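Asker: Encoded as structure tokens, here's the structure I'll be asking about.
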Amino acid sequence: MAEGTYGIQPKLPAVGGNEGVAVVEKVGAGVKTLQVGDWVVPAIAPFGTWRQEAAAEESALVKVANDIPAPYAATLSVNPASAYRMLRDFVDLSPGEVIMQNGANSMVGLAVIQMAREMGIKTVNIVRSDRPDV
């Protein structure tokens with residue numbers, strides 16, 4: 001997005017970022033599905049998550065469980081969809097086939113492993129040794 005080559009572009013000037021999780025600090029009188037303390041992720045892109053705080057319409061947010069690790073919650077709206085597209089949209093894969101992926105200890109990589117297992121597809125995974133466990 002910063003280079004202007006991504007499929008969706010914000011109106012400039014803009015704050016970058018589509019992945020993130022936030023805690024609701026205040027709600028307006030008409031808000032029905034969110035309350036103070038809820039965890040939320042962006043429902044729209046580009047939202048602009050590279051900031052400390054934001055005001056948003058209720059429809060621009062999706063409530064998520066707060067009993068999962070924050071990195072998982074922060075990537076719910078982006079990385080699983082990316083993993084799914086990689087497994088479904090580019091090559092017809094059948095149970096028993098094998099795929100190889102680089103960056104398997106990224107959040108997208110972990111989603112690929114989990115989804116591939118459910119599809120009966122085996123994975124060979126290359127990981128970075130300098131990345132913390134997620």
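To be explicit about the labels: the chains of the structure tokens are called A, B, and onward in the order shown, and within each one the residues are counted from 1, while ligands get numbers from 1 in the order they are shown.
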For the interface of segment 53-74 of chain A with segment 31-42 of chain A (cut-off 10 Å, counting only C-alpha atoms), please tabulate each contacting residue of segment 53-74 of chain A alongside its nearest pair of atoms and their separation in Å to one decimal, rows sorted by chain and increasing number, as JSON lines.
Answerer:
{"residue": "A:Ala56", "atom": "CA", "partner": "A:Pro42", "partner_atom": "CA", "distance": 9.4}
{"residue": "A:Glu57", "atom": "CA", "partner": "A:Val31", "partner_atom": "CA", "distance": 8.8}
{"residue": "A:Glu58", "atom": "CA", "partner": "A:Val31", "partner_atom": "CA", "distance": 6.6}
{"residue": "A:Ser59", "atom": "CA", "partner": "A:Pro42", "partner_atom": "CA", "distance": 9.2}
{"residue": "A:Ala60", "atom": "CA", "partner": "A:Pro42", "partner_atom": "CA", "distance": 6.0}
{"residue": "A:Leu61", "atom": "CA", "partner": "A:Pro42", "partner_atom": "CA", "distance": 4.8}
{"residue": "A:Val62", "atom": "CA", "partner": "A:Val40", "partner_atom": "CA", "distance": 5.3}
{"residue": "A:Lys63", "atom": "CA", "partner": "A:Val40", "partner_atom": "CA", "distance": 4.4}
{"residue": "A:Val64", "atom": "CA", "partner": "A:Val40", "partner_atom": "CA", "distance": 5.5}
{"residue": "A:Ala65", "atom": "CA", "partner": "A:Trp39", "partner_atom": "CA", "distance": 6.7}
{"residue": "A:Asn66", "atom": "CA", "partner": "A:Trp39", "partner_atom": "CA", "distance": 5.9}
{"residue": "A:Asp67", "atom": "CA", "partner": "A:Trp39", "partner_atom": "CA", "distance": 9.7}
{"residue": "A:Ala70", "atom": "CA", "partner": "A:Trp39", "partner_atom": "CA", "distance": 9.4}
{"residue": "A:Ala73", "atom": "CA", "partner": "A:Val41", "partner_atom": "CA", "distance": 7.6}
{"residue": "A:Ala74", "atom": "CA", "partner": "A:Val41", "partner_atom": "CA", "distance": 6.6}
Asker: Could you go through segment 16-126 of chain A and tell me which residues DSSP, when run on the backbone, assigns to strand (DSSP E or B), listing them as a PyMOL selection string?
Answerer: chain A and resi 22-23+39-42+61-64+98-102+122-126
Asker: Suppose we keep N, CA, C and O atoms; can you now write the selection as a compact mmCIF listing (two decimals), in the first residue's frame?
Answerer:
# COMPACT_ATOMS: atom_id res chain seq x y z
N ALA A 22 -7.48 -4.25 18.63
CA ALA A 22 -7.59 -3.11 19.53
C ALA A 22 -8.57 -3.44 20.65
O ALA A 22 -9.40 -4.35 20.52
N VAL A 23 -8.48 -2.68 21.71
CA VAL A 23 -9.41 -2.78 22.81
C VAL A 23 -10.32 -1.56 22.75
O VAL A 23 -9.84 -0.43 22.67
N TRP A 39 -12.35 -6.78 22.36
CA TRP A 39 -11.28 -6.77 21.35
C TRP A 39 -11.95 -6.69 19.99
O TRP A 39 -12.96 -7.35 19.74
N VAL A 40 -11.36 -5.88 19.10
CA VAL A 40 -11.90 -5.72 17.76
C VAL A 40 -10.78 -5.74 16.73
O VAL A 40 -9.63 -5.41 17.03
N VAL A 41 -11.14 -6.15 15.51
CA VAL A 41 -10.24 -6.09 14.35
C VAL A 41 -10.96 -5.32 13.25
O VAL A 41 -12.19 -5.22 13.26
N PRO A 42 -10.20 -4.77 12.30
CA PRO A 42 -10.85 -4.03 11.21
C PRO A 42 -11.74 -4.94 10.36
O PRO A 42 -11.39 -6.06 10.04
N LEU A 61 -15.73 -2.40 12.40
CA LEU A 61 -15.02 -3.27 13.35
C LEU A 61 -15.75 -4.59 13.53
O LEU A 61 -16.97 -4.66 13.40
N VAL A 62 -14.98 -5.63 13.85
CA VAL A 62 -15.54 -6.94 14.15
C VAL A 62 -15.02 -7.36 15.53
O VAL A 62 -13.81 -7.33 15.78
N LYS A 63 -15.92 -7.74 16.41
CA LYS A 63 -15.53 -8.22 17.73
C LYS A 63 -14.89 -9.59 17.61
O LYS A 63 -15.36 -10.45 16.86
N VAL A 64 -13.78 -9.80 18.34
CA VAL A 64 -13.11 -11.10 18.35
C VAL A 64 -12.91 -11.53 19.80
O VAL A 64 -12.93 -10.71 20.72
N VAL A 98 1.62 -32.89 -1.71
CA VAL A 98 2.56 -32.22 -0.83
C VAL A 98 2.83 -30.82 -1.36
O VAL A 98 3.03 -30.64 -2.57
N ILE A 99 2.85 -29.85 -0.46
CA ILE A 99 3.26 -28.50 -0.82
C ILE A 99 4.46 -28.11 0.01
O ILE A 99 4.68 -28.65 1.10
N MET A 100 5.26 -27.19 -0.50
CA MET A 100 6.41 -26.67 0.23
C MET A 100 6.21 -25.17 0.36
O MET A 100 5.80 -24.50 -0.59
N GLN A 101 6.50 -24.66 1.55
CA GLN A 101 6.39 -23.22 1.75
C GLN A 101 7.59 -22.68 2.52
O GLN A 101 8.12 -23.33 3.40
N ASN A 102 7.98 -21.49 2.15
CA ASN A 102 9.02 -20.74 2.84
C ASN A 102 8.31 -19.79 3.81
O ASN A 102 7.20 -19.35 3.55
N LYS A 122 -0.19 -32.61 2.66
CA LYS A 122 1.02 -32.63 3.49
C LYS A 122 1.84 -31.38 3.20
O LYS A 122 1.82 -30.85 2.09
N THR A 123 2.57 -30.91 4.21
CA THR A 123 3.39 -29.71 4.03
C THR A 123 4.84 -29.97 4.38
O THR A 123 5.15 -30.73 5.30
N VAL A 124 5.72 -29.36 3.62
CA VAL A 124 7.14 -29.27 3.94
C VAL A 124 7.36 -27.80 4.23
O VAL A 124 7.05 -26.94 3.39
N ASN A 125 7.88 -27.49 5.40
CA ASN A 125 7.90 -26.12 5.88
C ASN A 125 9.30 -25.63 6.18
O ASN A 125 10.02 -26.25 6.96
N ILE A 126 9.66 -24.51 5.59
CA ILE A 126 10.95 -23.88 5.84
C ILE A 126 10.70 -22.70 6.77
O ILE A 126 9.82 -21.88 6.52
Asker: If we count only C-alpha atoms, what is near Trp50 of chain A at a cut-off of 7 Å, once residues fewer than 4 positions away on the same chain are taken out, given as a PDB file with all heavy atoms, in the first residue's frame?
Answerer:
ATOM      1  N   VAL A  15      -3.176   6.586   7.054  1.00  0.00           N
ATOM      2  CA  VAL A  15      -2.388   5.766   7.971  1.00  0.00           C
ATOM      3  C   VAL A  15      -2.351   4.364   7.377  1.00  0.00           C
ATOM      4  O   VAL A  15      -3.371   3.831   6.954  1.00  0.00           O
ATOM      5  CB  VAL A  15      -3.046   5.729   9.375  1.00  0.00           C
ATOM      6  CG1 VAL A  15      -2.291   4.789  10.303  1.00  0.00           C
ATOM      7  CG2 VAL A  15      -3.135   7.126   9.958  1.00  0.00           C
ATOM      8  N   GLY A  16      -1.176   3.746   7.340  1.00  0.00           N
ATOM      9  CA  GLY A  16      -1.024   2.407   6.777  1.00  0.00           C
ATOM     10  C   GLY A  16      -1.445   1.319   7.747  1.00  0.00           C
ATOM     11  O   GLY A  16      -1.706   1.574   8.921  1.00  0.00           O
ATOM     12  N   GLY A  17      -1.501   0.102   7.227  1.00  0.00           N
ATOM     13  CA  GLY A  17      -1.749  -1.071   8.055  1.00  0.00           C
ATOM     14  C   GLY A  17      -3.169  -1.598   7.984  1.00  0.00           C
ATOM     15  O   GLY A  17      -4.124  -0.828   8.054  1.00  0.00           O
TER      16      GLY A  17
END
Asker: Would you work out the distance separating atom CA of Gly103 of chain A from atom CA of Ala14 of chain A, expressed in Å to one decimal?
Answerer: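 Straight-line distance from atom CA of Gly103 of chain A to atom CA of Ala14 of chain A works out to 29.1 Å.
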Asker: So how many Å separate atom CA of Gly120 of chain A and atom CA of Arg88 of chain A, to one decimal?
Answerer: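 Calculated distance between atom CA of Gly120 of chain A and atom CA of Arg88 of chain A is 13.1 Å.
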Asker: Identify which of the residues A:Ala116, A:Ala81, A:Ala55, A:Ala111 lies closest to Val24 of chain A, counting only C-alpha atoms when measuring atom-to-atom distances.
Answerer: A:Ala55
Asker: From a DSSP calculation on the backbone, collect every residue of chain A in helix (DSSP H, G or I) and output the set as JSON, numbers by chain.
Answerer: {"A": [58, 59, 60, 70, 71, 72, 73, 74, 75, 79, 80, 81, 82, 83, 84, 85, 86, 87, 88, 107, 108, 109, 110, 111, 112, 113, 114, 115, 116, 117, 118, 119]}
Asker: Would you export the selected residues with N, CA, C and O atoms as a short mmCIF file (atom, residue, chain, number, x, y, z; two decimals), in the first residue's frame, please?
Answerer:
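And here is the file that came out, result_2.cif:
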data_model
loop_
_atom_site.label_atom_id
_atom_site.label_comp_id
_atom_site.auth_asym_id
_atom_site.auth_seq_id
_atom_site.Cartn_x
_atom_site.Cartn_y
_atom_site.Cartn_z
N GLU A 58 -19.10 1.59 14.13
CA GLU A 58 -19.31 0.22 14.59
C GLU A 58 -19.19 -0.77 13.43
O GLU A 58 -18.63 -1.85 13.57
N SER A 59 -19.67 -0.39 12.26
CA SER A 59 -19.64 -1.28 11.09
C SER A 59 -18.23 -1.51 10.55
O SER A 59 -18.02 -2.43 9.76
N ALA A 60 -17.27 -0.70 10.98
CA ALA A 60 -15.89 -0.85 10.52
C ALA A 60 -15.08 -1.82 11.37
O ALA A 60 -13.90 -2.05 11.11
N ALA A 70 -2.74 -12.26 21.35
CA ALA A 70 -2.93 -11.03 20.57
C ALA A 70 -2.42 -11.15 19.12
O ALA A 70 -3.10 -10.68 18.21
N PRO A 71 -1.25 -11.78 18.87
CA PRO A 71 -0.81 -11.90 17.46
C PRO A 71 -1.80 -12.69 16.60
O PRO A 71 -1.97 -12.39 15.42
N TYR A 72 -2.47 -13.67 17.17
CA TYR A 72 -3.47 -14.43 16.42
C TYR A 72 -4.68 -13.55 16.13
O TYR A 72 -5.19 -13.52 15.02
N ALA A 73 -5.15 -12.86 17.15
CA ALA A 73 -6.31 -11.99 16.97
C ALA A 73 -6.01 -10.90 15.95
O ALA A 73 -6.85 -10.58 15.10
N ALA A 74 -4.81 -10.33 16.01
CA ALA A 74 -4.44 -9.23 15.12
C ALA A 74 -4.43 -9.62 13.66
O ALA A 74 -4.60 -8.78 12.78
N THR A 75 -4.24 -10.89 13.38
CA THR A 75 -4.11 -11.32 11.99
C THR A 75 -5.33 -12.08 11.47
O THR A 75 -5.33 -12.55 10.34
N ASN A 79 -4.54 -12.83 7.41
CA ASN A 79 -3.71 -13.99 7.10
C ASN A 79 -4.46 -15.28 6.80
O ASN A 79 -4.07 -15.99 5.88
N PRO A 80 -5.52 -15.63 7.52
CA PRO A 80 -6.23 -16.86 7.12
C PRO A 80 -6.79 -16.76 5.70
O PRO A 80 -6.76 -17.74 4.95
N ALA A 81 -7.26 -15.60 5.31
CA ALA A 81 -7.77 -15.43 3.94
C ALA A 81 -6.65 -15.59 2.93
O ALA A 81 -6.84 -16.20 1.86
N SER A 82 -5.48 -15.07 3.23
CA SER A 82 -4.33 -15.22 2.34
C SER A 82 -3.95 -16.69 2.20
O SER A 82 -3.69 -17.18 1.10
N ALA A 83 -3.91 -17.39 3.32
CA ALA A 83 -3.58 -18.82 3.30
C ALA A 83 -4.60 -19.60 2.48
O ALA A 83 -4.24 -20.46 1.66
N TYR A 84 -5.86 -19.31 2.68
CA TYR A 84 -6.92 -20.01 1.97
C TYR A 84 -6.79 -19.79 0.46
O TYR A 84 -6.88 -20.73 -0.33
N ARG A 85 -6.55 -18.55 0.08
CA ARG A 85 -6.39 -18.25 -1.36
C ARG A 85 -5.20 -19.00 -1.95
O ARG A 85 -5.28 -19.52 -3.06
N MET A 86 -4.10 -19.08 -1.21
CA MET A 86 -2.92 -19.80 -1.73
C MET A 86 -3.23 -21.28 -1.93
O MET A 86 -2.73 -21.89 -2.87
N LEU A 87 -4.02 -21.85 -1.05
CA LEU A 87 -4.33 -23.27 -1.14
C LEU A 87 -5.45 -23.60 -2.12
O LEU A 87 -5.53 -24.72 -2.62
N ARG A 88 -6.31 -22.65 -2.41
CA ARG A 88 -7.50 -22.94 -3.22
C ARG A 88 -7.53 -22.28 -4.60
O ARG A 88 -8.14 -22.81 -5.52
N MET A 107 2.56 -15.92 10.46
CA MET A 107 1.15 -16.18 10.76
C MET A 107 0.44 -16.77 9.54
O MET A 107 -0.40 -17.65 9.69
N VAL A 108 0.78 -16.32 8.33
CA VAL A 108 0.19 -16.93 7.13
C VAL A 108 0.66 -18.37 7.00
O VAL A 108 -0.12 -19.27 6.71
N GLY A 109 1.94 -18.61 7.24
CA GLY A 109 2.49 -19.96 7.16
C GLY A 109 1.81 -20.92 8.11
O GLY A 109 1.50 -22.07 7.75
N LEU A 110 1.57 -20.47 9.34
CA LEU A 110 0.87 -21.32 10.30
C LEU A 110 -0.54 -21.63 9.84
O LEU A 110 -1.03 -22.76 10.00
N ALA A 111 -1.21 -20.65 9.25
CA ALA A 111 -2.56 -20.89 8.74
C ALA A 111 -2.53 -21.88 7.59
O ALA A 111 -3.40 -22.74 7.48
N VAL A 112 -1.51 -21.79 6.72
CA VAL A 112 -1.38 -22.75 5.62
C VAL A 112 -1.23 -24.17 6.17
O VAL A 112 -1.89 -25.09 5.70
N ILE A 113 -0.39 -24.35 7.17
CA ILE A 113 -0.18 -25.67 7.77
C ILE A 113 -1.50 -26.23 8.31
O ILE A 113 -1.86 -27.38 8.05
N GLN A 114 -2.24 -25.41 9.05
CA GLN A 114 -3.48 -25.87 9.66
C GLN A 114 -4.54 -26.19 8.62
O GLN A 114 -5.22 -27.22 8.70
N MET A 115 -4.69 -25.32 7.63
CA MET A 115 -5.70 -25.55 6.60
C MET A 115 -5.33 -26.74 5.72
O MET A 115 -6.20 -27.54 5.35
N ALA A 116 -4.06 -26.86 5.38
CA ALA A 116 -3.61 -27.98 4.55
C ALA A 116 -3.88 -29.31 5.27
O ALA A 116 -4.33 -30.27 4.65
N ARG A 117 -3.62 -29.34 6.57
CA ARG A 117 -3.88 -30.56 7.35
C ARG A 117 -5.36 -30.94 7.25
O ARG A 117 -5.70 -32.10 7.04
N GLU A 118 -6.24 -29.96 7.36
CA GLU A 118 -7.69 -30.23 7.27
C GLU A 118 -8.08 -30.69 5.87
O GLU A 118 -9.06 -31.42 5.72
N MET A 119 -7.32 -30.28 4.86
CA MET A 119 -7.60 -30.67 3.46
C MET A 119 -6.94 -31.99 3.10
O MET A 119 -7.11 -32.47 1.98
#
Asker: To one decimal in Å, tell me the separation between atom CA of Val91 of chain A and atom CA of Val78 of chain A.
Answerer: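 Between atom CA of Val91 of chain A and atom CA of Val78 of chain A the gap works out to 20.5 Å.
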Asker: I'd like to know which of A:Arg128, A:Glu53, A:Glu25, A:Phe47 is closest to Ile8 of chain A, using only C-alpha atoms.
Answerer: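 Smallest distance to Ile8 of chain A is found for A:Phe47.
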Asker: Quick one: of A:Pro69, A:Gly20, A:Val27, A:Asp92, who's nearest to Ala45 of chain A, counting only C-alpha atoms?
Answerer: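 Answer, going by the shortest atom-to-atom distance: A:Gly20.
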Asker: Which residue, A:Pro13, A:Val127, A:Glu19, A:Lys26, has the smallest gap to Ala54 of chain A when you use only C-alpha atoms?
Answerer: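 Comparing A:Pro13, A:Val127, A:Glu19, A:Lys26 against Ala54 of chain A, the winner is A:Lys26.
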